[in-house]
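A quick write-up on the structure given underneath.
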Amino acid sequence: MRVGSFVLAAQFPGQGQGEALHRAVRTAEVAEEAGLDAVWLAEHHFVPYGTCPSAVTLAALLLGRTRRLRVGTAVSVLPTVHPVALGEQAALLHVTSGGRFSLGVGRGGPWVDLEVFGTGLSAYEHGFPESLDLLMRWLREPSVSASGERFAFREVPVVPRPSEALTETPGPEVVVACTSPASVRLAAERGLPMLLGMHVGDEEKAEMVALWRRCARAAGRPGEEVRDAAHVSAGVCQIADRRADAAEALLKAMPGWFRQGLDAHVTVDDRARRMRDPLAYTELLCGLHPVGDPRLCADRLAATSERTGITRFALLVEGSGDLAATEENVRRLGAEVLPHLG
């Protein structure tokens, strides 16, 4: 089982953006010290929900600050960037880090980002498969051309080529954020592992893994690839000597962050949207994920793995909103939870 931290660089009420980013960097540094497997970085634009606008840029910084830790994006929002530009960045990080970079990609949402970056709503609603396929070709082939609906260009060489890195894999790992049966099928047909969100529980994640396997087999993916797919489960982790204290730390801080951060999202076409109730959502997360004493947290992770078949976790550890408390949470995760997991 591989356990990593999920970092949003969340700006809690009363905090500055620099404070949120400093906590994000320290979380990664402490994660390596504590023996965690990875750090996964979220990407958001124009909202305090997350103050990191470029997960791949922050990943570059953290790969330079660490020596062992795997660093991944969770996720780079593909509809707002050119897939070749993102592919070049991913290849660069794969080669220069010795293969420690993972590229997580997703559709994002129908946000004003699409207007600001000039890609338009169609890139979100229809263009994700074309972008994903072009990205994968860039990361796997020596030269690439395109003749699709959104991207058309003559053949150009891939520089740097990910396959020239002295690593065990020919290119960076690519993970796809999946929130619907359509996105599960898309990932499965390409043999790409899924990143499953922290808002869904074990039963739904198990169903998505089962659907992925069926679709992957139907698409003719190799049996070994289907069996060994390393999906990632996102969640929340807060450790205290008593479960009530761990939940209280999150219930004091996270609703305010959710209220401020989620309410700031603006849709590109002014479509109506319904925001989750911040308190109810926090309570839901406390019930779904490892929130409590170390033994409870270990048992919760083990149970999720057994029920879903997922063996990789990306755990939000900054839910208290406090730097010192976040560092302690990460250290306890490494020292008091990981030993129980094997």
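FYI, nothing fancy with the structure tokens labels: chains A, B, ... in order, residues from 1 per chain, ligands from 1 as they appear.
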
Legend entry - Spatial neighbours of segment 53-65 of chain A, max dist 10 Å, only C-alpha atoms, sep filter under 4 positions, as number ranges by chain: A: 7-9, 21, 24-26, 28-29, 32, 39-47, 69-77, 86, 89-90, 92-94, 96-98, 100-104

Inset, instruction - Find the residues near Ala165 of chain A: any atom within 9 Å, counting only C-alpha atoms, skip ones fewer than 3 places away on the same chain, and give them as an MDAnalysis selection string. - result: chainID A and resid 94:96 98:99 161:162 168:171

Inset, instruction - Show which residues sit within 8 Å of segment 106-119 of chain A, as an MDAnalysis selection string. Count only C-alpha atoms, and ignore same-chain residues fewer than 5 positions away. - result: chainID A and resid 45 75:81 124 128 176:178 265:269

Inset, instruction - Pick out each residue of segment 165-322 of chain A that DSSP on the backbone tags as strand (DSSP E); I need them as a ChimeraX atom specification. - result: /A:173-178,194-196,232-236,238-239,291-292,312-316

Taking 6 positions as the minimum chain separation for residues in the same chain, which residues sit within 9 Å of segment 219-232 of chain A when counting only C-alpha atoms? Answer as a PDB file with N, CA and C atoms, in the first residue's frame.
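Saved to out_4.pdb:
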```pdb
ATOM      1  N   VAL A 175      -2.363   9.605 -15.031  1.00  0.00           N
ATOM      2  CA  VAL A 175      -3.544   9.199 -14.272  1.00  0.00           C
ATOM      3  C   VAL A 175      -4.686  10.129 -14.671  1.00  0.00           C
ATOM      4  N   ALA A 188     -10.206   3.665 -19.153  1.00  0.00           N
ATOM      5  CA  ALA A 188     -10.026   2.225 -19.297  1.00  0.00           C
ATOM      6  C   ALA A 188      -9.617   1.846 -20.706  1.00  0.00           C
ATOM      7  N   GLU A 189     -10.244   2.454 -21.708  1.00  0.00           N
ATOM      8  CA  GLU A 189      -9.922   2.119 -23.094  1.00  0.00           C
ATOM      9  C   GLU A 189      -8.477   2.449 -23.438  1.00  0.00           C
ATOM     10  N   ARG A 190      -7.885   3.384 -22.706  1.00  0.00           N
ATOM     11  CA  ARG A 190      -6.492   3.770 -22.939  1.00  0.00           C
ATOM     12  C   ARG A 190      -5.538   3.119 -21.949  1.00  0.00           C
ATOM     13  N   GLY A 191      -6.088   2.315 -21.041  1.00  0.00           N
ATOM     14  CA  GLY A 191      -5.263   1.621 -20.061  1.00  0.00           C
ATOM     15  C   GLY A 191      -4.654   2.541 -19.021  1.00  0.00           C
ATOM     16  N   LEU A 192      -5.309   3.670 -18.741  1.00  0.00           N
ATOM     17  CA  LEU A 192      -4.773   4.643 -17.801  1.00  0.00           C
ATOM     18  C   LEU A 192      -5.465   4.513 -16.445  1.00  0.00           C
ATOM     19  N   PRO A 193      -4.708   4.481 -15.350  1.00  0.00           N
ATOM     20  CA  PRO A 193      -5.316   4.379 -14.020  1.00  0.00           C
ATOM     21  C   PRO A 193      -6.135   5.611 -13.669  1.00  0.00           C
ATOM     22  N   MET A 194      -7.048   5.429 -12.734  1.00  0.00           N
ATOM     23  CA  MET A 194      -7.969   6.493 -12.338  1.00  0.00           C
ATOM     24  C   MET A 194      -7.522   7.168 -11.041  1.00  0.00           C
ATOM     25  N   LEU A 195      -7.875   8.442 -10.919  1.00  0.00           N
ATOM     26  CA  LEU A 195      -7.863   9.152  -9.646  1.00  0.00           C
ATOM     27  C   LEU A 195      -9.312   9.377  -9.264  1.00  0.00           C
ATOM     28  N   LEU A 196      -9.724   8.822  -8.121  1.00  0.00           N
ATOM     29  CA  LEU A 196     -11.115   8.894  -7.687  1.00  0.00           C
ATOM     30  C   LEU A 196     -11.244   9.862  -6.524  1.00  0.00           C
ATOM     31  N   GLY A 197     -12.258  10.716  -6.567  1.00  0.00           N
ATOM     32  CA  GLY A 197     -12.376  11.859  -5.675  1.00  0.00           C
ATOM     33  C   GLY A 197     -12.720  11.511  -4.248  1.00  0.00           C
ATOM     34  N   VAL A 209     -14.066   0.942 -10.173  1.00  0.00           N
ATOM     35  CA  VAL A 209     -12.944   0.058 -10.488  1.00  0.00           C
ATOM     36  C   VAL A 209     -13.434  -1.143 -11.291  1.00  0.00           C
ATOM     37  N   TRP A 212     -14.140  -0.005 -14.780  1.00  0.00           N
ATOM     38  CA  TRP A 212     -12.871   0.208 -15.489  1.00  0.00           C
ATOM     39  C   TRP A 212     -12.324  -1.120 -16.003  1.00  0.00           C
ATOM     40  N   ARG A 213     -12.350  -2.135 -15.172  1.00  0.00           N
ATOM     41  CA  ARG A 213     -11.815  -3.435 -15.575  1.00  0.00           C
ATOM     42  C   ARG A 213     -12.612  -4.032 -16.732  1.00  0.00           C
ATOM     43  N   GLY A 309     -10.000  -2.596  -3.957  1.00  0.00           N
ATOM     44  CA  GLY A 309      -8.847  -3.064  -4.694  1.00  0.00           C
ATOM     45  C   GLY A 309      -7.816  -1.982  -4.962  1.00  0.00           C
ATOM     46  N   ILE A 310      -8.038  -0.792  -4.440  1.00  0.00           N
ATOM     47  CA  ILE A 310      -7.117   0.331  -4.629  1.00  0.00           C
ATOM     48  C   ILE A 310      -6.032   0.279  -3.566  1.00  0.00           C
ATOM     49  N   THR A 311      -4.792   0.479  -3.984  1.00  0.00           N
ATOM     50  CA  THR A 311      -3.672   0.400  -3.040  1.00  0.00           C
ATOM     51  C   THR A 311      -2.881   1.695  -2.941  1.00  0.00           C
ATOM     52  N   ARG A 312      -3.327   2.755  -3.634  1.00  0.00           N
ATOM     53  CA  ARG A 312      -2.657   4.048  -3.539  1.00  0.00           C
ATOM     54  C   ARG A 312      -3.634   5.098  -3.030  1.00  0.00           C
ATOM     55  N   PHE A 313      -3.154   5.946  -2.132  1.00  0.00           N
ATOM     56  CA  PHE A 313      -4.012   6.950  -1.518  1.00  0.00           C
ATOM     57  C   PHE A 313      -3.366   8.328  -1.600  1.00  0.00           C
ATOM     58  N   ALA A 314      -4.196   9.322  -1.837  1.00  0.00           N
ATOM     59  CA  ALA A 314      -3.791  10.727  -1.794  1.00  0.00           C
ATOM     60  C   ALA A 314      -4.666  11.395  -0.748  1.00  0.00           C
TER      61      ALA A 314
END
```

Inset, instruction - Just the alpha helix (DSSP H) stuff from segment 113-248 of chain A, please, per backbone DSSP, written as a PyMOL selection string. - result: chain A and resi 113-116+121-125+128-140+181-189+202-218+223-228+243-248

Legend entry - Using only C-alpha atoms: which of A:Ala187, A:Val84, A:Leu166, A:Met275 has the shortest distance to Ala152 of chain A: A:Val84

Inset, instruction - Find, counting only C-alpha atoms, the residue in A:Pro290, A:Gly319, A:Gly256, A:Pro157 that gets nearest to Phe6 of chain A. - result: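 Between A:Pro290, A:Gly319, A:Gly256, A:Pro157, the residue approaching Phe6 of chain A most closely is A:Gly319.
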
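Considering only C-alpha atoms, the residue among A:Pro142, A:Glu248, A:Arg300, A:Arg295 positioned nearest to Leu279 of chain A is A:Glu248.
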
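Separating atom CA of Pro339 of chain A from atom CA of Leu284 of chain A is a distance of 26.8 Å.
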
Inset, instruction - Take atom CA of Arg273 of chain A and atom CA of Val184 of chain A and report the distance between them in Å, one decimal. - result: 23.5 Å

Inset, instruction - Work out how far atom CA of His289 of chain A is from atom CA of Arg331 of chain A, in Å to one decimal. - result: 18.0 Å

Legend entry - Counting only C-alpha atoms, the residue of A:Ala272, A:Ala216, A:Ala34, A:Leu296 that sits nearest Val3 of chain A: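 Checking each of A:Ala272, A:Ala216, A:Ala34, A:Leu296 against Val3 of chain A, counting only C-alpha atoms, the winner is A:Ala34.
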
Inset, instruction - Find, counting only C-alpha atoms, the residue in A:Pro83, A:Gly235, A:Val159, A:Gly261 that gets nearest to Ala123 of chain A. - result: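 For Ala123 of chain A, the nearest of the given residues is A:Pro83.
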
Inset, instruction - Find, counting only C-alpha atoms, the residue in A:Leu323, A:Val291, A:Pro48, A:Ala38 that gets nearest to Arg259 of chain A. - result: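 The closest residue to Arg259 of chain A is A:Pro48.
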